[in-house]
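Undergrad: my_file_19.cif is reproduced in full below (mmCIF, C-alpha atoms).
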```
data_model
#
loop_
_atom_site.label_atom_id
_atom_site.label_comp_id
_atom_site.auth_asym_id
_atom_site.auth_seq_id
_atom_site.Cartn_x
_atom_site.Cartn_y
_atom_site.Cartn_z
CA THR A 610 -0.80 7.27 -31.91
CA ASP A 611 -3.05 9.14 -34.35
CA ALA A 612 -6.71 8.99 -35.29
CA THR A 613 -6.05 6.38 -37.97
CA GLN A 614 -4.41 4.06 -35.48
CA SER A 615 -7.30 4.46 -33.04
CA ARG A 616 -10.05 3.37 -35.48
CA PRO A 617 -9.89 -0.37 -34.68
CA TYR A 618 -11.45 0.46 -31.31
CA LEU A 619 -14.57 1.76 -33.00
CA ASP A 620 -15.37 -1.60 -34.55
CA ASN A 621 -14.20 -3.66 -31.58
CA PRO A 622 -16.61 -5.48 -29.21
CA LEU A 623 -14.92 -3.60 -26.36
CA ALA A 624 -16.62 -0.44 -27.59
CA SER A 625 -19.55 -1.36 -25.35
CA VAL A 626 -17.45 -0.50 -22.29
CA GLY A 627 -16.06 2.61 -23.97
CA PHE A 628 -12.57 3.90 -24.66
CA VAL A 629 -10.64 7.11 -24.58
CA LEU A 630 -7.52 7.76 -26.64
CA VAL A 631 -5.48 10.70 -25.37
CA ARG A 632 -2.22 12.37 -26.30
CA LEU A 633 -0.86 14.50 -23.44
CA GLN A 634 2.42 16.35 -23.50
CA GLY A 635 2.28 18.30 -20.23
CA LEU A 636 0.27 19.41 -17.23
CA SER A 637 -0.68 22.70 -18.89
CA ARG A 638 -3.43 20.86 -20.77
CA LEU A 639 -4.87 19.05 -17.76
CA GLY A 640 -6.44 21.46 -15.30
CA TRP A 641 -5.56 20.40 -11.76
CA GLY A 642 -8.47 19.79 -9.41
CA MET A 643 -10.63 18.13 -12.07
CA ASP A 644 -11.21 14.41 -12.42
CA LEU A 645 -9.25 12.83 -15.24
CA HIS A 646 -9.91 9.32 -16.58
CA ALA A 647 -11.86 8.62 -13.40
CA ASP A 648 -14.34 6.29 -15.13
CA HIS A 649 -12.80 2.82 -14.89
CA SER A 650 -15.23 1.43 -17.46
CA GLU A 651 -13.33 3.36 -20.14
CA ARG A 652 -10.24 2.16 -21.97
CA VAL A 653 -7.57 4.86 -21.84
CA VAL A 654 -4.26 5.27 -23.68
CA VAL A 655 -1.95 8.15 -22.69
CA ASP A 656 1.28 9.21 -24.41
CA ALA A 657 3.83 10.21 -21.74
CA THR A 658 6.92 9.73 -23.91
CA ALA A 659 8.11 13.34 -23.53
CA THR A 660 8.15 13.01 -19.74
CA LEU A 661 9.96 9.68 -19.98
CA GLN A 662 12.68 11.64 -21.76
CA GLY A 663 12.93 14.04 -18.80
CA GLN A 664 10.47 16.80 -19.76
CA GLY A 665 7.81 17.99 -17.31
CA ALA A 666 4.99 15.79 -16.04
CA VAL A 667 1.88 14.03 -17.32
CA SER A 668 -1.17 13.18 -15.23
CA LEU A 669 -2.59 9.76 -16.08
CA GLU A 670 -5.54 9.59 -13.68
CA ARG A 671 -7.14 11.78 -11.02
CA GLN A 672 -10.12 10.90 -8.84
CA GLY A 673 -11.70 13.31 -6.40
CA GLN A 674 -13.98 10.57 -5.05
CA GLY A 675 -13.62 6.86 -4.38
CA ASP A 676 -9.99 6.16 -3.46
CA HIS A 677 -8.91 9.73 -4.32
CA ALA A 678 -6.27 8.52 -6.74
CA GLN A 679 -3.64 10.54 -8.56
CA ILE A 680 -1.32 8.79 -11.01
CA THR A 681 1.43 10.76 -12.73
CA VAL A 682 4.69 10.37 -14.61
CA VAL A 683 6.99 13.11 -13.31
CA ALA A 684 10.48 14.25 -14.28
CA HIS A 685 12.31 15.57 -11.18
CA PRO A 686 15.31 17.80 -11.99
CA ALA A 687 18.77 17.26 -10.51
CA GLY A 688 18.91 18.36 -6.89
CA ASP A 689 15.15 18.19 -6.38
CA ALA A 690 13.88 17.27 -2.90
CA TRP A 691 10.33 16.63 -1.70
CA ALA A 692 8.44 14.80 1.03
CA HIS A 693 6.06 11.88 1.23
CA THR A 694 3.63 13.28 3.78
CA GLY A 695 2.17 9.93 4.76
CA GLU A 696 -1.42 10.95 4.06
CA GLN A 697 -1.97 8.31 1.35
CA LEU A 698 -0.48 5.11 -0.01
CA CYS A 699 2.26 6.04 -2.49
CA GLU A 700 3.75 3.70 -5.11
CA LEU A 701 6.87 4.82 -6.96
CA LEU A 702 8.64 3.19 -9.89
CA VAL A 703 11.94 4.70 -11.03
CA LEU A 704 11.85 4.99 -14.82
CA GLN A 705 15.07 6.96 -15.35
CA GLY A 706 17.87 8.22 -13.11
CA ALA A 707 18.11 7.55 -9.39
CA LEU A 708 15.90 8.24 -6.35
CA LEU A 709 17.50 8.78 -2.93
CA ILE A 710 15.74 7.70 0.28
CA GLY A 711 18.07 8.51 3.15
CA GLU A 712 21.47 7.14 2.10
CA ASP A 713 20.01 4.50 -0.21
CA SER A 714 19.96 5.03 -3.98
CA PHE A 715 17.36 3.34 -6.18
CA GLY A 716 17.98 3.23 -9.93
CA PRO A 717 15.83 2.34 -12.95
CA GLN A 718 13.04 -0.20 -12.39
CA SER A 719 13.28 0.15 -8.59
CA TYR A 720 9.89 -0.04 -6.84
CA VAL A 721 9.02 1.82 -3.65
CA ARG A 722 5.80 1.33 -1.66
CA LEU A 723 5.17 3.91 1.08
CA LEU A 724 2.27 3.32 3.46
CA PRO A 725 0.18 6.05 5.11
CA GLY A 726 1.27 7.30 8.49
CA GLN A 727 4.96 7.31 7.62
CA ALA A 728 6.54 10.52 6.35
CA LEU A 729 9.81 10.26 4.40
CA ASP A 730 12.10 12.73 2.67
CA LEU A 731 12.85 11.94 -0.98
CA LYS A 732 15.42 13.53 -3.28
CA THR A 733 17.45 13.06 -6.43
CA GLN A 734 20.99 14.25 -7.05
CA THR A 735 21.20 13.52 -10.77
CA GLY A 736 17.52 13.86 -11.69
CA CYS A 737 14.97 11.09 -12.14
CA VAL A 738 11.70 10.22 -13.83
CA LEU A 739 9.12 8.51 -11.63
CA TYR A 740 5.79 6.76 -12.02
CA GLU A 741 3.89 8.01 -8.96
CA ASN A 742 0.61 6.40 -7.85
CA ARG A 743 -1.05 7.96 -4.79
CA ARG A 744 -4.38 6.78 -3.41
CA ASP A 745 -6.27 6.03 -0.24
CA TRP A 746 -5.14 2.88 1.56
CA THR A 747 -7.66 0.02 1.34
CA GLU A 748 -5.85 -3.15 2.49
CA ALA A 749 -3.76 -3.94 5.56
CA GLU A 750 -0.03 -4.36 4.83
CA GLU A 751 3.06 -5.05 6.92
CA GLY A 752 5.00 -1.88 6.17
CA SER A 753 6.73 0.34 3.63
CA PHE A 754 9.44 -1.24 1.49
CA ALA A 755 11.65 -0.75 -1.55
CA LEU A 756 12.95 -3.14 -4.20
CA ALA A 757 16.19 -2.20 -5.96
CA GLY A 758 15.89 -2.51 -9.72
CA ASP A 759 19.31 -4.14 -10.07
CA ARG A 760 18.44 -6.88 -7.54
CA MET A 761 15.10 -8.09 -8.87
CA ASP A 762 14.33 -11.80 -8.87
CA TRP A 763 13.30 -12.46 -12.49
CA ARG A 764 11.56 -15.76 -13.13
CA GLN A 765 10.11 -17.60 -16.09
CA GLY A 766 6.62 -16.45 -17.10
CA MET A 767 3.74 -18.57 -18.35
CA VAL A 768 4.95 -18.66 -21.97
CA PRO A 769 8.45 -18.79 -23.52
CA GLY A 770 9.92 -15.30 -23.85
CA LEU A 771 8.38 -13.87 -20.67
CA LYS A 772 10.36 -13.02 -17.54
CA VAL A 773 8.45 -11.74 -14.50
CA THR A 774 9.27 -10.16 -11.17
CA SER A 775 6.41 -9.52 -8.74
CA LEU A 776 6.47 -6.18 -6.90
CA HIS A 777 3.38 -6.39 -4.70
CA GLU A 778 0.47 -8.76 -4.15
CA GLY A 779 -2.77 -7.84 -2.38
CA LEU A 780 -6.01 -9.69 -1.83
CA THR A 781 -7.25 -9.10 -5.38
CA LYS A 782 -4.45 -6.97 -6.79
CA HIS A 783 -1.06 -7.71 -8.26
CA THR A 784 1.77 -5.48 -9.50
CA ALA A 785 4.73 -6.78 -11.49
CA LEU A 786 7.40 -6.01 -14.05
CA VAL A 787 7.32 -8.19 -17.16
CA ARG A 788 10.07 -8.51 -19.77
CA TRP A 789 8.99 -9.63 -23.21
CA ALA A 790 11.64 -11.07 -25.49
CA PRO A 791 11.36 -10.16 -29.19
CA ASP A 792 8.61 -12.00 -31.08
CA THR A 793 6.80 -13.25 -27.97
CA ARG A 794 3.07 -13.99 -28.06
CA PHE A 795 0.83 -14.39 -25.04
CA ASN A 796 -2.49 -16.18 -24.84
CA PRO A 797 -5.70 -14.23 -25.45
CA HIS A 798 -7.09 -13.36 -22.03
CA THR A 799 -9.75 -11.37 -20.18
CA HIS A 800 -8.95 -8.73 -17.55
CA VAL A 801 -11.01 -9.62 -14.51
CA GLY A 802 -10.73 -6.50 -12.36
CA GLY A 803 -9.01 -4.56 -15.13
CA GLU A 804 -5.40 -4.02 -16.14
CA GLU A 805 -2.99 -1.07 -16.14
CA ILE A 806 0.24 -1.10 -18.17
CA LEU A 807 3.10 1.39 -18.45
CA VAL A 808 5.57 0.54 -21.21
CA LEU A 809 9.11 1.05 -19.92
CA ALA A 810 11.16 -0.10 -22.92
CA GLY A 811 10.63 -1.43 -26.44
CA VAL A 812 7.20 -1.62 -28.05
CA PHE A 813 4.28 -3.50 -26.48
CA ARG A 814 1.58 -4.59 -28.92
CA ASP A 815 -1.87 -6.12 -29.13
CA GLU A 816 -4.60 -6.31 -31.78
CA HIS A 817 -5.58 -2.71 -31.01
CA GLY A 818 -2.22 -1.05 -31.65
CA ALA A 819 1.47 -0.59 -30.89
CA TYR A 820 2.59 1.18 -27.70
CA PRO A 821 6.17 2.50 -27.45
CA ALA A 822 8.03 3.23 -24.21
CA GLY A 823 6.23 5.93 -22.27
CA THR A 824 2.71 4.76 -23.15
CA TRP A 825 0.17 4.10 -20.38
CA ILE A 826 -2.76 1.79 -21.11
CA ARG A 827 -5.68 1.18 -18.76
CA SER A 828 -8.14 -1.55 -19.75
CA PRO A 829 -11.45 -2.03 -17.90
CA HIS A 830 -12.94 -5.00 -16.07
CA MET A 831 -13.69 -7.88 -18.50
CA SER A 832 -11.82 -6.31 -21.43
CA HIS A 833 -9.95 -8.73 -23.68
CA HIS A 834 -6.80 -8.69 -25.81
CA ARG A 835 -3.99 -10.75 -27.38
CA PRO A 836 -0.65 -9.10 -26.44
CA PHE A 837 2.61 -9.72 -28.28
CA THR A 838 5.94 -8.20 -29.22
CA GLU A 839 7.89 -7.96 -32.45
CA ALA A 840 11.61 -7.38 -33.02
CA GLU A 841 11.90 -4.61 -30.36
CA GLY A 842 10.69 -6.70 -27.40
CA ALA A 843 9.29 -4.79 -24.42
CA THR A 844 9.46 -4.26 -20.67
CA ILE A 845 6.24 -3.24 -18.91
CA LEU A 846 4.89 -2.36 -15.49
CA VAL A 847 1.55 -4.16 -15.11
CA LYS A 848 -1.13 -3.86 -12.43
CA VAL A 849 -4.15 -6.17 -12.45
CA GLY A 850 -7.35 -6.76 -10.50
CA HIS A 851 -7.38 -3.27 -8.97
CA LEU A 852 -9.93 -1.23 -10.91
CA GLN A 853 -13.34 -0.19 -9.63
CA VAL A 854 -16.16 -2.15 -11.28
CA GLN A 855 -19.92 -2.07 -11.16
CA GLY A 856 -21.21 -4.81 -8.86
CA SER A 857 -18.79 -7.23 -7.23
CA PHE A 858 -16.53 -10.10 -8.16
CA GLU A 859 -14.66 -12.58 -6.02
CA ASN A 860 -10.89 -12.91 -5.88
CA PRO A 861 -10.21 -11.87 -9.51
CA ILE A 862 -6.44 -12.38 -9.35
CA LYS A 863 -6.89 -16.05 -8.57
CA THR A 864 -9.12 -16.61 -11.57
CA SER A 865 -7.56 -14.56 -14.36
CA ALA A 866 -4.58 -12.22 -14.32
CA ARG A 867 -2.46 -14.38 -12.04
CA ARG A 868 -1.53 -16.36 -15.15
CA PHE A 869 1.34 -13.86 -15.59
CA PHE A 870 2.66 -14.15 -12.09
CA VAL A 871 2.50 -17.67 -10.65
CA GLY A 872 5.62 -18.40 -8.61
CA SER A 873 7.26 -15.06 -9.39
CA PHE A 874 7.10 -13.06 -6.14
CA CYS A 875 10.32 -11.13 -5.46
CA LYS A 876 11.56 -11.76 -1.92
CA SER A 877 14.55 -9.39 -2.04
CA ARG A 878 13.17 -6.18 -0.52
CA ARG A 879 14.34 -3.45 1.85
CA THR A 880 12.10 -2.29 4.70
CA LEU A 881 11.82 1.49 4.97
CA SER A 882 11.50 3.42 8.23
CA ASN A 883 11.70 7.04 9.35
#
```
Any chance you could give the structure as structure tokens?

TA:
Amino acid sequence: TDATQSRPYLDNPLASVGFVLVRLQGLSRLGWGMDLHADHSERVVVDATATLQGQGAVSLERQGQGDHAQITVVAHPAGDAWAHTGEQLCELLVLQGALLIGEDSFGPQSYVRLLPGQALDLKTQTGCVLYENRRDWTEAEEGSFALAGDRMDWRQGMVPGLKVTSLHEGLTKHTALVRWAPDTRFNPHTHVGGEEILVLAGVFRDEHGAYPAGTWIRSPHMSHHRPFTEAEGATILVKVGHLQVQGSFENPIKTSARRFFVGSFCKSRRTLSN
């Protein structure tokens, strides 16, 4: 994405809530310990394509206050091993390669949700690229679990050409994978509680631009767009209703973003324990 492609934002009504367009190729440009994209009223687009190809890491968001979030796309080399300390909620999505938890292997598009208070050892034999989302825990949940990417329950979305599998549903938050067939168009809609997208394959598009695999897009509360695909199609990770907003709103998932996900919750999941 270059400056020419970013100009439509300047004349867009969404400019009132602000936007940031960023190209990041590695952590050397970030400065650990500093907030990054912590203002959820801003629209942010980050290019993490190099990391998706197995090179280094890119930080997408860091918050020293609020829910103390850190979102990254990280390439772990073959033989790497590390620990989930259990201090925060940790969401993992396998983008490439395979993640090992104990004797279980989780390949591409596998989703892992690790709750605080439970430490686990993680490793990869062949190398893997992960979306890692760590933050303070805010809602009661039953326990840690993992969904294998090759056993997802894909269901019909709200328009022809969409297939959806739900990964997690909270009180006002929803996380899912969505497959877009080529030349699919979705209804114009408003993001009550915001939206976060990571493009996993193909090219995701809206009236603001085209986003190839490895692009992360965060849109603020009450932003609006008309998403679609062309010949490439797309697969995306999407999170809705989870962003901090000024003031309060009631049950945003039920009123807006749930249009993607009705009847799509994936029941095939593996409980994780120490």

Undergrad: Find the residues around stretch 718-730 of chain A up to 6 Å (all atoms listed in the file counted), leave out those fewer than 3 positions away in its own chain, and share them as a list of chain:residue names.

TA: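 Returned residues: A:Ala692, A:His693, A:Thr694, A:Gly695, A:Glu696, A:Gln697, A:Leu698, A:Cys699, A:Glu700, A:Leu701, A:Leu702, A:Val703, A:Leu704, A:Phe715, A:Ser753, A:Phe754, A:Ala755, A:Leu756, A:Ala757, A:Gly758.
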
Undergrad: What's the separation between atom CA of A:Ala749 and atom CA of A:Ala647, in Å to one decimal place?

TA: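 Here the two named atoms are 24.1 Å from each other.
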
Undergrad: Care to translate the PyMOL selection byres ((chain A and resi 762) around 7) into actual residues of this file, as a PyMOL selection string?

TA: chain A and resi 760-761+763-764+774+875

Undergrad: For the structure shown, which residues end up in the PyMOL selection byres ((chain A and resi 780-785) around 6)? Put them as a list of chain:residue names, please?

TA: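 Written out, the selection comes to A:Thr774, A:Ser775, A:Leu776, A:His777, A:Glu778, A:Gly779, A:Leu786, A:Leu846, A:Val847, A:Lys848, A:Val849, A:Gly850, A:His851, A:Asn860, A:Pro861, A:Ile862.
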
Undergrad: One decimal, Å: what's the distance from atom CA of A:His833 over to atom CA of A:Glu741, could you say?

TA: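 These two atoms are separated by 26.2 Å.
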
Undergrad: Set the distance at 7 Å and use only C-alpha atoms: which residues neighbour stretch 804-808 of chain A once local chain neighbours fewer than 4 positions away are removed? I'd like the list as a PyMOL selection string.

TA: chain A and resi 800+813+821-829+844-850

Undergrad: Just need the box for stretch 746-765 of chain A, edges along x, y and z, holding every atom the file lists for it with 8 Å tacked onto each side, so centre and edge lengths in Å to one decimal, as AutoDock Vina command-line options.

TA:
```
--center_x 5.8 --center_y -7.4 --center_z -4.6 --size_x 43.0 --size_y 36.5 --size_z 39.0
```

Undergrad: Enter the distance from atom CA of A:Asp792 to atom CA of A:Asp656, in Å, rounded to one decimal.

TA: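 Separation between atom CA of A:Asp792 and atom CA of A:Asp656: 23.4 Å.
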
Undergrad: Since I can't run it myself right now, could you work out what the PyMOL selection byres ((chain A and resi 659) around 12) selects here and report it as an NGL selection string?

TA: :A and (632-636 or 655-658 or 660-667 or 682-684 or 738 or 821-824)

Undergrad: Can you pull out the residues contacting A:Pro797? Cut-off 9 Å, using only C-alpha atoms, and skip same-chain residues under 5 positions away; I want them as a list in words.

TA: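 Close residues of A:Pro797: His833, His834, Arg835 and Pro836 of chain A.
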
Undergrad: Find the spatial neighbours of A:Trp691, counting all atoms listed in the file, within a cut-off of 12 Å - ignore same-chain residues fewer than 5 positions away - and output them as JSON, numbers by chain.

TA: {"A": [685, 686, 708, 709, 710, 728, 729, 730, 731, 732, 733]}

Undergrad: Kindly indicate which residue among A:Val801, A:Phe837, A:Glu712, A:Gly766 lies nearest to A:Gly818, using all atoms listed in the file for the distances.

TA: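 For A:Gly818, the nearest of the given residues is A:Phe837.
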
Undergrad: Would you list the residues near (3.3, -8.7, -26.9), meaning any protein, DNA or RNA residue with an atom at most 7 Å from that point in file coordinates, counting all atoms listed in the file, as a PyMOL selection string?

TA: chain A and resi 789+793-795+813-815+836-838
